[in-house]
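To be precise, the following lines are upload-v1.cif, and they hold mmCIF, C-alpha atoms.
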```cif
data_coords
loop_
_atom_site.label_atom_id
_atom_site.label_comp_id
_atom_site.auth_asym_id
_atom_site.auth_seq_id
_atom_site.Cartn_x
_atom_site.Cartn_y
_atom_site.Cartn_z
CA MET A 1038 -28.23 -6.95 34.20
CA PRO A 1039 -26.01 -4.32 35.92
CA ARG A 1040 -25.73 -0.98 34.08
CA SER A 1041 -21.89 -0.95 34.27
CA SER A 1042 -21.67 -4.33 32.50
CA SER A 1043 -23.97 -3.14 29.71
CA LYS A 1044 -21.99 0.12 29.38
CA ARG A 1045 -18.71 -1.82 29.20
CA ARG A 1046 -20.10 -4.10 26.49
CA THR A 1047 -21.30 -1.09 24.48
CA SER A 1048 -17.89 0.50 24.89
CA ARG A 1049 -16.15 -2.66 23.64
CA LEU A 1050 -18.44 -2.88 20.65
CA ALA A 1051 -17.76 0.79 19.89
CA ALA A 1052 -13.99 0.16 20.00
CA LEU A 1053 -14.27 -2.79 17.62
CA LEU A 1054 -16.46 -0.75 15.30
CA LEU A 1055 -13.96 2.14 15.48
CA LEU A 1056 -10.99 0.00 14.46
CA GLY A 1057 -12.99 -1.87 11.80
CA GLY A 1058 -14.60 1.30 10.50
CA ALA A 1059 -11.30 3.19 10.42
CA THR A 1060 -9.70 0.32 8.49
CA ALA A 1061 -12.59 0.19 5.99
CA LEU A 1062 -12.51 3.97 5.51
CA LEU A 1063 -8.75 3.96 4.99
CA VAL A 1064 -9.00 1.15 2.44
CA GLY A 1065 -11.70 3.11 0.60
CA ALA A 1066 -9.68 6.30 0.70
CA VAL A 1067 -6.43 4.79 -0.52
CA ALA A 1068 -8.20 3.04 -3.40
CA ALA A 1069 -9.08 6.43 -4.92
CA PRO A 1070 -7.40 7.17 -8.28
CA ALA A 1071 -4.21 9.24 -8.48
CA THR A 1072 -3.32 12.22 -10.64
CA ALA A 1073 -2.89 12.61 -14.40
CA GLU A 1074 -0.12 11.66 -16.85
CA VAL A 1075 3.48 12.80 -16.54
CA ILE A 1076 5.53 13.54 -19.62
CA THR A 1077 8.52 15.79 -20.24
CA GLY A 1078 9.97 16.77 -23.63
CA PRO A 1079 8.82 16.77 -27.27
CA CYS A 1080 9.11 13.00 -27.89
CA THR A 1081 6.34 10.67 -28.97
CA GLY A 1082 6.39 6.90 -28.87
CA SER A 1083 4.52 3.67 -28.43
CA ALA A 1084 5.01 0.15 -27.13
CA ASP A 1085 2.83 -2.63 -28.49
CA PHE A 1086 2.78 -5.75 -26.30
CA LEU A 1087 2.18 -8.62 -28.73
CA ILE A 1088 0.95 -11.36 -26.33
CA ALA A 1089 -1.00 -9.06 -24.03
CA GLY A 1090 -2.50 -7.11 -26.92
CA VAL A 1091 -1.88 -3.87 -25.03
CA LYS A 1092 -0.57 -0.69 -26.62
CA ILE A 1093 1.01 2.08 -24.54
CA THR A 1094 1.71 5.53 -25.95
CA GLU A 1095 3.35 8.64 -24.49
CA SER A 1096 -0.11 10.02 -23.68
CA GLN A 1097 -1.04 7.03 -21.47
CA PRO A 1098 -2.47 8.51 -18.22
CA VAL A 1099 -0.19 7.65 -15.31
CA ASP A 1100 -3.20 6.94 -13.07
CA GLU A 1101 -4.31 4.07 -15.32
CA VAL A 1102 -2.66 0.81 -14.35
CA VAL A 1103 -1.66 -1.30 -17.36
CA GLU A 1104 -1.42 -5.05 -16.78
CA VAL A 1105 1.37 -6.75 -18.71
CA PRO A 1106 2.46 -10.41 -18.82
CA PRO A 1107 5.74 -11.45 -17.16
CA GLU A 1108 7.12 -12.38 -20.57
CA ASP A 1109 6.31 -10.74 -23.90
CA THR A 1110 7.65 -9.14 -27.07
CA VAL A 1111 7.21 -5.41 -27.54
CA LEU A 1112 7.07 -3.58 -30.85
CA TYR A 1113 8.37 -0.11 -30.05
CA ALA A 1114 8.53 3.13 -31.99
CA GLY A 1115 9.78 6.55 -30.94
CA ALA A 1116 10.53 9.98 -32.37
CA THR A 1117 12.16 13.03 -30.82
CA ASN A 1118 10.21 15.41 -33.12
CA THR A 1119 13.28 17.60 -33.54
CA PRO A 1120 15.06 18.60 -36.80
CA PRO A 1121 17.57 15.97 -37.99
CA PRO A 1122 21.16 17.03 -37.15
CA ASP A 1123 23.84 17.35 -39.84
CA ASP A 1124 26.40 15.45 -37.77
CA PRO A 1125 25.88 12.50 -35.40
CA ILE A 1126 24.86 13.59 -31.93
CA PRO A 1127 25.10 11.51 -28.74
CA PHE A 1128 21.99 9.85 -27.32
CA ALA A 1129 21.29 7.73 -24.25
CA GLY A 1130 18.26 6.38 -22.46
CA ASN A 1131 16.79 3.69 -20.31
CA VAL A 1132 13.58 2.12 -19.04
CA VAL A 1133 13.44 1.59 -15.26
CA LEU A 1134 10.76 -0.07 -13.13
CA ASP A 1135 10.48 1.15 -9.51
CA LEU A 1136 10.18 -1.67 -6.96
CA PRO A 1137 9.30 -1.73 -3.22
CA PHE A 1138 11.84 -0.61 -0.61
CA GLY A 1139 13.68 1.72 -3.00
CA GLN A 1140 14.74 -1.07 -5.36
CA GLU A 1141 14.46 -0.86 -9.14
CA TRP A 1142 14.76 -3.07 -12.19
CA LYS A 1143 16.56 -1.56 -15.17
CA VAL A 1144 14.64 -3.11 -18.06
CA VAL A 1145 16.86 -1.84 -20.87
CA THR A 1146 19.47 0.87 -21.55
CA TRP A 1147 20.74 2.32 -24.80
CA ALA A 1148 23.40 4.82 -25.93
CA GLY A 1149 25.37 5.86 -29.00
CA GLU A 1150 25.62 8.52 -31.68
CA THR A 1151 23.21 9.07 -34.58
CA VAL A 1152 21.79 11.48 -37.14
CA GLU A 1153 18.37 9.81 -36.89
CA VAL A 1154 15.54 11.37 -34.91
CA GLU A 1155 13.27 8.34 -34.80
CA ASP A 1156 13.59 4.61 -34.30
CA ALA A 1157 11.47 1.45 -34.27
CA GLY A 1158 12.08 -2.20 -33.51
CA GLU A 1159 11.22 -5.27 -31.49
CA TYR A 1160 12.29 -6.09 -27.93
CA GLY A 1161 11.63 -9.25 -25.94
CA TYR A 1162 11.58 -9.11 -22.14
CA ASP A 1163 11.33 -11.58 -19.27
CA VAL A 1164 10.46 -10.10 -15.86
CA PRO A 1165 12.81 -11.51 -13.18
CA SER A 1166 11.33 -13.38 -10.22
CA PHE A 1167 12.17 -10.63 -7.70
CA VAL A 1168 9.60 -8.33 -9.31
CA PRO A 1169 6.32 -8.82 -7.40
CA ARG A 1170 3.29 -10.03 -9.39
CA GLY A 1171 -0.33 -8.97 -9.13
CA THR A 1172 0.41 -5.87 -7.05
CA GLY A 1173 -0.85 -2.31 -7.22
CA GLY A 1174 0.74 -0.10 -9.85
CA LEU A 1175 4.51 0.03 -10.25
CA LEU A 1176 5.97 3.14 -11.86
CA LEU A 1177 7.83 2.55 -15.13
CA THR A 1178 9.97 5.49 -16.26
CA ALA A 1179 11.36 5.76 -19.79
CA THR A 1180 14.08 8.39 -20.25
CA HIS A 1181 15.76 9.47 -23.49
CA ASP A 1182 18.40 12.18 -23.86
CA HIS A 1183 18.94 13.10 -27.52
CA GLY A 1184 21.80 15.58 -27.78
CA GLY A 1185 20.52 17.57 -24.85
CA VAL A 1186 16.82 17.17 -25.62
CA LEU A 1187 15.44 15.24 -22.66
CA CYS A 1188 12.25 13.19 -22.80
CA VAL A 1189 10.73 11.41 -19.79
CA VAL A 1190 7.53 9.37 -19.80
CA GLU A 1191 6.00 7.63 -16.80
CA VAL A 1192 3.60 4.72 -17.07
CA THR A 1193 2.00 2.75 -14.23
CA LEU A 1194 1.89 -0.98 -14.76
CA THR A 1195 1.48 -4.23 -12.91
CA VAL A 1196 2.83 -7.65 -13.80
CA GLU A 1197 0.21 -10.37 -14.20
CA GLY A 1198 0.30 -13.13 -11.59
CA ASP A 1199 -0.52 -14.28 -8.08
CA PRO A 1200 0.60 -11.97 -5.21
CA GLY A 1201 1.90 -15.11 -3.47
CA GLY A 1202 3.08 -15.89 0.06
CA ALA A 1203 4.39 -12.40 0.81
CA ALA A 1204 0.89 -10.97 0.42
CA MET A 1205 -0.57 -13.67 2.70
CA GLY A 1206 2.15 -12.97 5.28
CA ALA A 1207 1.45 -9.23 5.17
CA ALA A 1208 -2.29 -9.86 5.60
CA GLY A 1209 -1.56 -12.12 8.59
CA ALA A 1210 0.73 -9.51 10.16
CA THR A 1211 -2.01 -6.89 9.67
CA LEU A 1212 -4.44 -9.05 11.63
CA VAL A 1213 -1.90 -9.75 14.41
CA PHE A 1214 -0.99 -6.08 14.88
CA GLY A 1215 -4.64 -5.08 14.56
CA ALA A 1216 -5.33 -7.39 17.51
CA GLY A 1217 -2.37 -5.79 19.33
CA THR A 1218 -3.89 -2.35 18.74
CA LEU A 1219 -7.17 -3.54 20.23
CA ALA A 1220 -5.29 -5.12 23.16
CA ALA A 1221 -3.82 -1.70 23.96
CA GLY A 1222 -7.37 -0.77 24.95
CA ILE A 1223 -7.44 -3.27 27.83
CA LYS A 1224 -7.42 -1.41 31.16
CA LYS A 1225 -4.32 -1.80 33.31
CA ARG A 1226 -4.86 -3.78 36.52
CA GLY A 1227 -6.07 -1.64 39.35
CA VAL A 1228 -7.33 1.16 37.08
CA ALA A 1229 -11.02 1.96 37.38
CA MET B 87 -3.86 6.79 30.51
CA ARG B 88 -5.88 3.70 31.47
CA GLY B 89 -4.71 1.33 28.70
CA HIS B 90 -1.30 0.38 27.29
CA PRO B 91 0.08 3.32 25.27
CA ILE B 92 3.44 1.73 24.35
CA LEU B 93 1.73 -1.44 23.10
CA GLY B 94 -0.82 0.73 21.30
CA GLY B 95 1.78 2.93 19.66
CA ILE B 96 4.00 0.08 18.45
CA SER B 97 1.13 -2.22 17.43
CA GLY B 98 -0.75 0.63 15.78
CA PHE B 99 2.30 1.70 13.78
CA LEU B 100 2.98 -1.86 12.61
CA PHE B 101 -0.74 -2.39 11.93
CA GLY B 102 -0.75 0.63 9.60
CA LEU B 103 2.55 -0.40 8.01
CA PHE B 104 1.40 -3.94 7.21
CA LEU B 105 -2.04 -2.69 6.16
CA GLY B 106 -0.29 -0.48 3.59
CA ILE B 107 1.98 -3.31 2.44
CA SER B 108 -1.03 -5.63 2.13
CA LEU B 109 -2.99 -3.07 0.14
CA PHE B 110 -0.06 -2.71 -2.27
CA LEU B 111 0.63 -6.44 -2.59
CA TRP B 112 -3.07 -7.20 -3.15
CA GLY B 113 -3.23 -4.60 -5.89
CA VAL B 114 -5.32 -1.94 -4.14
CA VAL B 115 -2.78 0.91 -4.05
CA ARG B 116 0.17 1.91 -6.20
CA LEU B 117 3.73 1.71 -4.95
CA ASP B 118 4.11 5.52 -5.11
CA SER B 119 0.90 6.14 -3.15
CA GLU B 120 1.32 8.58 -0.25
CA TRP B 121 -0.97 6.34 1.80
CA LEU B 122 1.89 3.89 2.27
CA VAL B 123 3.63 6.63 4.30
CA ILE B 124 0.52 7.98 6.04
CA LEU B 125 -1.01 4.68 7.21
CA PRO B 126 1.66 3.76 9.83
CA PHE B 127 1.22 7.13 11.54
CA VAL B 128 -2.58 6.87 11.41
CA GLY B 129 -2.17 3.43 13.04
CA LEU B 130 0.13 4.89 15.70
CA ILE B 131 -2.44 7.54 16.59
CA LEU B 132 -5.22 4.93 16.57
CA GLY B 133 -3.21 2.74 18.99
CA VAL B 134 -2.56 5.61 21.39
CA VAL B 135 -6.23 6.67 21.24
CA MET B 136 -7.21 3.07 22.00
CA ALA B 137 -4.88 3.07 25.03
CA TRP B 138 -6.28 6.40 26.23
CA TRP B 139 -9.88 5.26 25.80
CA ALA B 140 -9.28 1.71 27.17
CA PRO B 141 -12.78 0.33 26.50
CA PHE B 142 -11.86 -3.24 27.50
CA GLY B 143 -11.75 -4.27 31.17
CA SER B 144 -8.78 -6.26 32.52
CA ALA B 145 -9.17 -9.69 34.17
CA GLY B 146 -8.78 -8.07 37.59
CA ASP B 147 -11.55 -5.59 36.86
CA SER B 148 -13.98 -8.26 35.69
CA SER B 149 -13.46 -10.33 38.86
CA ALA B 150 -14.00 -7.18 40.90
CA GLY B 151 -17.14 -6.53 38.90
CA SER B 152 -18.52 -10.02 39.61
CA ALA B 153 -17.77 -9.56 43.34
CA ASP B 154 -19.77 -6.34 43.28
CA THR B 155 -22.63 -8.07 41.52
CA SER B 156 -22.74 -10.87 44.09
CA GLY B 157 -22.70 -8.22 46.79
CA ASP B 158 -25.68 -6.42 45.28
CA ALA B 159 -27.74 -9.58 44.82
CA PRO B 160 -29.58 -11.18 47.75
CA ALA B 161 -27.66 -14.05 49.36
CA PRO B 162 -29.97 -17.08 49.12
CA GLY B 163 -27.61 -19.27 51.13
CA GLY B 164 -27.40 -16.73 53.94
CA GLY B 165 -31.19 -16.25 54.00
CA ALA B 166 -31.85 -19.98 54.39
CA ALA B 167 -29.40 -20.32 57.27
#
```

Turn this file's structure into structure tokens for me.
Amino acid sequence: MPRSSSKRRTSRLAALLLLGGATALLVGAVAAPATAEVITGPCTGSADFLIAGVKITESQPVDEVVEVPPEDTVLYAGATNTPPPDDPIPFAGNVVLDLPFGQEWKVVTWAGETVEVEDAGEYGYDVPSFVPRGTGGLLLTATHDHGGVLCVVEVTLTVEGDPGGAAMGAAGATLVFGAGTLAAGIKKRGVA
Amino acid sequence: MRGHPILGGISGFLFGLFLGISLFLWGVVRLDSEWLVILPFVGLILGVVMAWWAPFGSAGDSSAGSADTSGDAPAPGGGAA
């Protein structure tokens, strides 16, 4: 067997191993856990998902992904931990789920005036179809402004379900462009 | 550069982009992961490196290689004649 043919074969194998190895290393690196919880303000609160049997509190680490069903009822409770005001003060808040490509789903909003500094109740939700299922963590941000006292809590969650056709399409496109990247390593005609 | 740098750059970028999207959709990384931004550029660099290295021979090269091989080997037909 000629030495140049053997060298070329070794070189090809090395290129395949490089691309495969780089992909495996990147997948391993990106799967590493993220940083700790994020919370702003004096508030405390909890959300108890009845069907899922999951309870989230304000101290839930943001690097832990909580899996929730696409439809459930939540028992919520919250307190600002501030002295009760003598006169009603304005309050406003919302819960927003960040989605891919800069989109978001506003789960619920609230506003009004009150002398209360805590609240509890029940809220039923139904995740719309445009929210992807079975993905990596999506950031859920709950914000509450209580007469100038601002509380923000971030929780990472994923909606139960099958990733679906979009995930298959993305995997296929990864393979196609991976092959294109390898094809870039084919020598131009006439180049030694 | 012996390979195809434009093909490598574009394919590498899209390879990294779709790898990131796949990792998110299959539940490996979070949506706010910085890797979703980094991966396309890592892919771009990988594609350009692949074009610079060019470890695969073109069809023209392989035919030239086989001509060389036949030239090196003894010609049985010629010897018999």

| request: Up to 6 Å from chain B, what residues of chain A turn up? Count only C-alpha atoms and give them as a ChimeraX atom specification. | output: /A:1048-1049,1068,1172-1175,1204,1207-1208,1211,1214-1215,1217-1218,1221-1226

| task | Run through the PyMOL selection byres ((chain A and resi 1128-1140) around 7) on the given coordinates and return the selected residues as JSON, numbers by chain. | result | {"A": [1126, 1127, 1141, 1142, 1143, 1144, 1145, 1146, 1147, 1148, 1149, 1150, 1175, 1176, 1177, 1178, 1179, 1180, 1181, 1182, 1183, 1184], "B": [117]}

| Interatomic distance, CA of Ser1166 in chain A to CA of Val1189 in chain A (Å, one decimal) |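 These atoms are spaced 26.6 Å apart.
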
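Of the residues listed (A:Pro1169, A:Cys1080, A:Pro1121, A:Thr1193), A:Thr1193 shows the shortest atom-to-atom separation from Gln1097 in chain A; distances use only C-alpha atoms.
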
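Atom to atom, CA of Tyr1160 in chain A and CA of Thr1110 in chain A stand 5.6 Å apart.
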
| What is the CA of Gly1202 in chain A to CA of Phe127 in chain B distance in Å? |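 Atom-to-atom, CA of Gly1202 in chain A and CA of Phe127 in chain B are spaced 25.8 Å apart.
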
As AutoDock Vina command-line options, what would the box around range 1174-1182 of chain A look like: edges along x, y and z, 5 Å added on every side, centre and edge lengths in Å to one decimal?
```
--center_x 9.6 --center_y 6.0 --center_z -16.9 --size_x 27.7 --size_y 22.3 --size_z 24.0
```

Would you mind listing what lies within 10 Å of Asp1124 in chain A as a PDB file with C-alpha atoms, in the coordinates of the input, with only C-alpha atoms counted and same-chain residues fewer than 6 positions away left out?
```
ATOM      1  CA  GLU A1150      25.620   8.520 -31.680  1.00  0.00           C
ATOM      2  CA  THR A1151      23.210   9.070 -34.580  1.00  0.00           C
ATOM      3  CA  VAL A1152      21.790  11.480 -37.140  1.00  0.00           C
ATOM      4  CA  GLU A1153      18.370   9.810 -36.890  1.00  0.00           C
TER       5      GLU A1153
END
```
